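See below for the structure under consideration.
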Amino acid sequence: MAHAVPVSPIRLPASAVEVRGLTKTYAGTGKAGPKLALKGIDLTIPRGSLFALLGPNGAGKSTLINILAGLVNKSAGSVAIWGTDIDEHPRQARASIGVVPQELNMDPFFTPREILELQAGLYGVPKRERRTDELLAAVGLSDKADAHARSLSGGMKRRLMVAKAMVHSPPVLVLDEPTAGVDVELRHLLWEHVRMLNRAGSTVLLTTHYLQEAEELCDTIAIINHGAVVACEAKSSLLRRVDAKAVIMLVDRDLDAVPATLAGFTADLPEPRRLVVRYQPSRQRIDAVLAAVAAAGLSIVDLTTEQSDLEDIFLQLTGGAHAAASGTGAAA
Ligand SMILES: Nc1ncnc2c1ncn2[C@@H]1O[C@H](COP(=O)(O)OP(=O)(O)O)[C@@H](O)[C@H]1O
Ligand SMILES: [Mg+2]
């Protein structure tokens with residue numbers, strides 16, 4: 001009698017990754033004292049999302065990723081990956097996640113095919129279940145399958161690392177600074193590839209210090225700074241927070257207060273003749289600002305505007321931390 005293959009019930013977790021009270025203190029070395037890199041952070045990564053962990057250098061992004069990957073031990077708190085606690089079932093948790101590290105480390109003498117086969121062996125993927133050719137095709141490396149890794153360009157190596165992170169078909173894929181130091185053209189190719197993986201069902205978590213990358217690619221954005229989460233929300237809602245413009249007007253006479261006609265706006269009077277009016281372009285028009293100024297009997301001598309964007313909110317939330325706000329070479 002044929003043996004029926006048991007169909008395992010598909011149990012989908014509520015979220016792809018759940019981080020609670022996660023703390024990491026690196027032990028001090030030599031003169032350097034201990035470093036508190038993560039300060040009890042909470043983070044929920046929705047299943048199916050394309051999630052950006054955005055923050056300036058040194059914020060703690062790689063520390064968090066490396067804890068998820070099982071490469072760094074946490075000091076306190078809990079982490080569940082695909083519903084599995086990393087302390088209770090470390091192997092199962094690790095099987096649910098594929099991590100592309102920030103630093104590319106690969107043996108230059110192996111070929112892409114060998115690298116994927118070795119990785120599959122490491123994860124105990126049976127020969128008949130391996131998808132080496134499929135993965136190589138997916139990252140556009142079919143014609144390099146048997147070339148030495150050292151002959152691959154930087155971008156090809158990066159793509160090979162993505163394939164390597166996927167040999168065990170993890171539902172959660174993590175990319176640490178996937179496009180750091182990558183030129184503009186290749187960056188767009190990588191973005192397209194990440195979108196494709198996400199559309200195909202992977203939950204993707206990426207870290208980046210490029211605002212533009214988070215904005216272009218991700219549906220959810222968490223901003224971390226000095227080991228703490230300072231924002232975590234849908235991109236659309238984060239961008240709504242930056243739905244703000246300021247118009248700065250020099251008027252023809254000294255004022256001692258903001259005119260009452262501007263009551264519908266947020267207005268300031270930093271100098272007796274300088275009015276700063278903030279408004280939301282999505283629901284207010286500059287016409288209305290100008291009309292309110294005219295209604296106060298003022299003439300405008302000079303006028304400038306300032307637009308707030310993701311860069312502004314980032315700087316605001318990170319206290320002006322020097323992130324590569326737009327990213328070197330990332331400008332469109
Ligand atoms: N192995 C380590 N030992 C001591 N300090 C570390 C170690 N790794 C990272 N740090 C420190 O922890 C903080 C966070 O680093 P990291 O997680 O690499 O930040 P990011 O990836 O956001 O740039 C930094 O201050 C960094 O210097
Ligand atoms: Mg890092």
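Within each chain, counting starts at residue 1; across the structure tokens, chains are named A, B, ... in the order shown, with ligands numbered 1 upward in that order.
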Could you list, as a VMD selection string, all residues that come within 6 Å of ligand 1? Count only C-alpha atoms and all ligand atoms.
chain A and resid 26 35 37 57 to 63
Using only C-alpha atoms, determine which residues lie at most 6 Å from region 74-90 of chain A, disregarding the query and same-chain residues fewer than 3 positions distant; provide the list as a list in words.
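Surrounding residues, per the criterion: Pro13, Ala16, Val17, Glu18, Val19, Arg20, Gly21, Leu22, Thr23, Lys24 and Ala93 of chain A.
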Go through region 222-312 of chain A and collect every residue that DSSP, computed from the backbone, puts in alpha helix (DSSP H); the answer should be as a list in words.
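Selection result, alpha helix (DSSP H) within region 222-312 of chain A: Lys235, Ser236, Ser237, Leu238, Leu239, Arg240, Arg241, Ile286, Asp287, Ala288, Val289, Leu290, Ala291, Ala292, Val293, Ala294, Ala295, Leu310, Glu311 and Asp312 of chain A.
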Would you mind telling me which residue in A:Ser236, A:Thr44, A:Thr29, A:Ser169 lies nearest to Ala95 (chain A) when using only C-alpha atoms?
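Of the candidates, the smallest distance to Ala95 (chain A) is held by A:Ser169.
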Tell me which protein, DNA and RNA residues are within 10 Å of region 52-54 of chain A, counting only C-alpha atoms, leaving out same-chain ones fewer than 5 positions away, and put them as number ranges by chain.
A: 45, 59-62, 64-65, 174-177, 204-211, 213-215, 217-225, 229, 231-232, 235, 314, 323
Can you spit out the residues from that selection as a PDB file, in the first residue's frame, using C-alpha atoms?
ATOM      1  CA  ILE A  45       7.580  42.956  11.158  1.00  0.00           C
ATOM      2  CA  ALA A  59      22.396  53.044  15.151  1.00  0.00           C
ATOM      3  CA  GLY A  60      22.360  49.304  15.855  1.00  0.00           C
ATOM      4  CA  LYS A  61      20.916  47.936  12.606  1.00  0.00           C
ATOM      5  CA  SER A  62      23.534  45.247  12.019  1.00  0.00           C
ATOM      6  CA  LEU A  64      19.709  43.611  15.391  1.00  0.00           C
ATOM      7  CA  ILE A  65      20.106  41.681  12.128  1.00  0.00           C
ATOM      8  CA  VAL A 174      17.056  39.821   5.611  1.00  0.00           C
ATOM      9  CA  LEU A 175      19.408  42.079   3.705  1.00  0.00           C
ATOM     10  CA  ASP A 176      21.874  44.199   5.638  1.00  0.00           C
ATOM     11  CA  GLU A 177      22.724  47.335   3.628  1.00  0.00           C
ATOM     12  CA  VAL A 204      11.842  41.084   3.313  1.00  0.00           C
ATOM     13  CA  LEU A 205      13.617  43.055   6.005  1.00  0.00           C
ATOM     14  CA  LEU A 206      16.369  45.346   4.850  1.00  0.00           C
ATOM     15  CA  THR A 207      18.558  47.783   6.660  1.00  0.00           C
ATOM     16  CA  THR A 208      19.699  50.896   4.977  1.00  0.00           C
ATOM     17  CA  HIS A 209      21.092  54.303   5.734  1.00  0.00           C
ATOM     18  CA  TYR A 210      19.777  55.553   2.373  1.00  0.00           C
ATOM     19  CA  LEU A 211      16.459  57.307   2.827  1.00  0.00           C
ATOM     20  CA  GLU A 213      16.103  53.245  -0.693  1.00  0.00           C
ATOM     21  CA  ALA A 214      13.559  52.940   2.103  1.00  0.00           C
ATOM     22  CA  GLU A 215      11.218  55.320   0.350  1.00  0.00           C
ATOM     23  CA  LEU A 217      11.281  50.081  -2.004  1.00  0.00           C
ATOM     24  CA  CYS A 218       9.570  49.485   1.300  1.00  0.00           C
ATOM     25  CA  ASP A 219       5.979  49.524   2.526  1.00  0.00           C
ATOM     26  CA  THR A 220       6.875  49.818   6.210  1.00  0.00           C
ATOM     27  CA  ILE A 221       9.681  51.841   7.749  1.00  0.00           C
ATOM     28  CA  ALA A 222      11.225  51.720  11.200  1.00  0.00           C
ATOM     29  CA  ILE A 223      13.774  54.365  12.066  1.00  0.00           C
ATOM     30  CA  ILE A 224      16.331  53.515  14.719  1.00  0.00           C
ATOM     31  CA  ASN A 225      18.826  55.824  16.336  1.00  0.00           C
ATOM     32  CA  VAL A 229      13.227  52.797  17.687  1.00  0.00           C
ATOM     33  CA  ALA A 231       9.450  55.601  14.415  1.00  0.00           C
ATOM     34  CA  CYS A 232       7.794  52.490  13.046  1.00  0.00           C
ATOM     35  CA  LYS A 235       5.518  54.359   4.718  1.00  0.00           C
ATOM     36  CA  PHE A 314      14.545  61.643   9.555  1.00  0.00           C
ATOM     37  CA  ALA A 323      23.180  59.809   7.994  1.00  0.00           C
TER      38      ALA A 323
END
Restricting the calculation to only C-alpha atoms and all ligand atoms: of A:Met196, A:Ala32, A:Ala244, A:Ala180, which residue gets closest to ligand 2?
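When distances to ligand 2 are compared using only C-alpha atoms and all ligand atoms, the smallest one comes from A:Ala180.
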Any chance you could list, as an NGL selection string, the residues in region 2-184 of chain A that come up strand (DSSP E or B) when DSSP is run on the backbone?
:A and (15-26 or 35-46 or 50-54 or 76-81 or 84-85 or 97-100 or 172-176)
Please identify all polymer residues within 8 Å of Arg130 (chain A), counting only C-alpha atoms, omitting same-chain residues fewer than 3 positions from it, and present them as a PyMOL selection string.
chain A and resi 117+120+125-127+167
For CA of Leu71 (chain A) and CA of Ala165 (chain A), the interatomic separation in Å (one decimal)
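Straight-line distance from CA of Leu71 (chain A) to CA of Ala165 (chain A) works out to 14.1 Å.
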Point out the residue among A:Gly140, A:Arg47, A:Glu103, A:Arg273 with the least atom-to-atom distance to ligand 2, counting only C-alpha atoms and all ligand atoms.
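Counting only C-alpha atoms and all ligand atoms, the residue closest to ligand 2 is A:Glu103.
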Just the residues within 12 Å of Arg283 (chain A), please, counting only C-alpha atoms, with nothing from its chain fewer than 6 positions along; format it as a PDB file with C-alpha atoms, in the first residue's frame.
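Output contents, as saved in result-v8.pdb:
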ATOM      1  CA  ARG A 240       1.930  61.961   5.730  1.00  0.00           C
ATOM      2  CA  ASP A 243       3.138  66.527   4.549  1.00  0.00           C
ATOM      3  CA  ALA A 244       4.265  69.952   5.600  1.00  0.00           C
ATOM      4  CA  LYS A 245       5.428  73.061   3.850  1.00  0.00           C
ATOM      5  CA  GLY A 264      -6.207  78.350  10.473  1.00  0.00           C
ATOM      6  CA  PHE A 265      -2.478  77.784   9.997  1.00  0.00           C
TER       7      PHE A 265
END
Could you check which of A:Asn66, A:Glu114, A:Gly48, A:His188 is closest to ligand 2, using only C-alpha atoms and all ligand atoms?
A:Asn66
Mind checking which residues fall within 10 Å of region 277-281 of chain A, counting only C-alpha atoms, ignoring those fewer than 3 positions away in the same chain, and posting them as JSON, numbers by chain?
{"A": [240, 241, 242, 243, 244, 245, 246, 247, 248, 249, 258, 262, 264, 265, 266, 267, 268, 269, 274, 284, 285, 286, 288, 289, 290, 293, 305, 306, 307]}
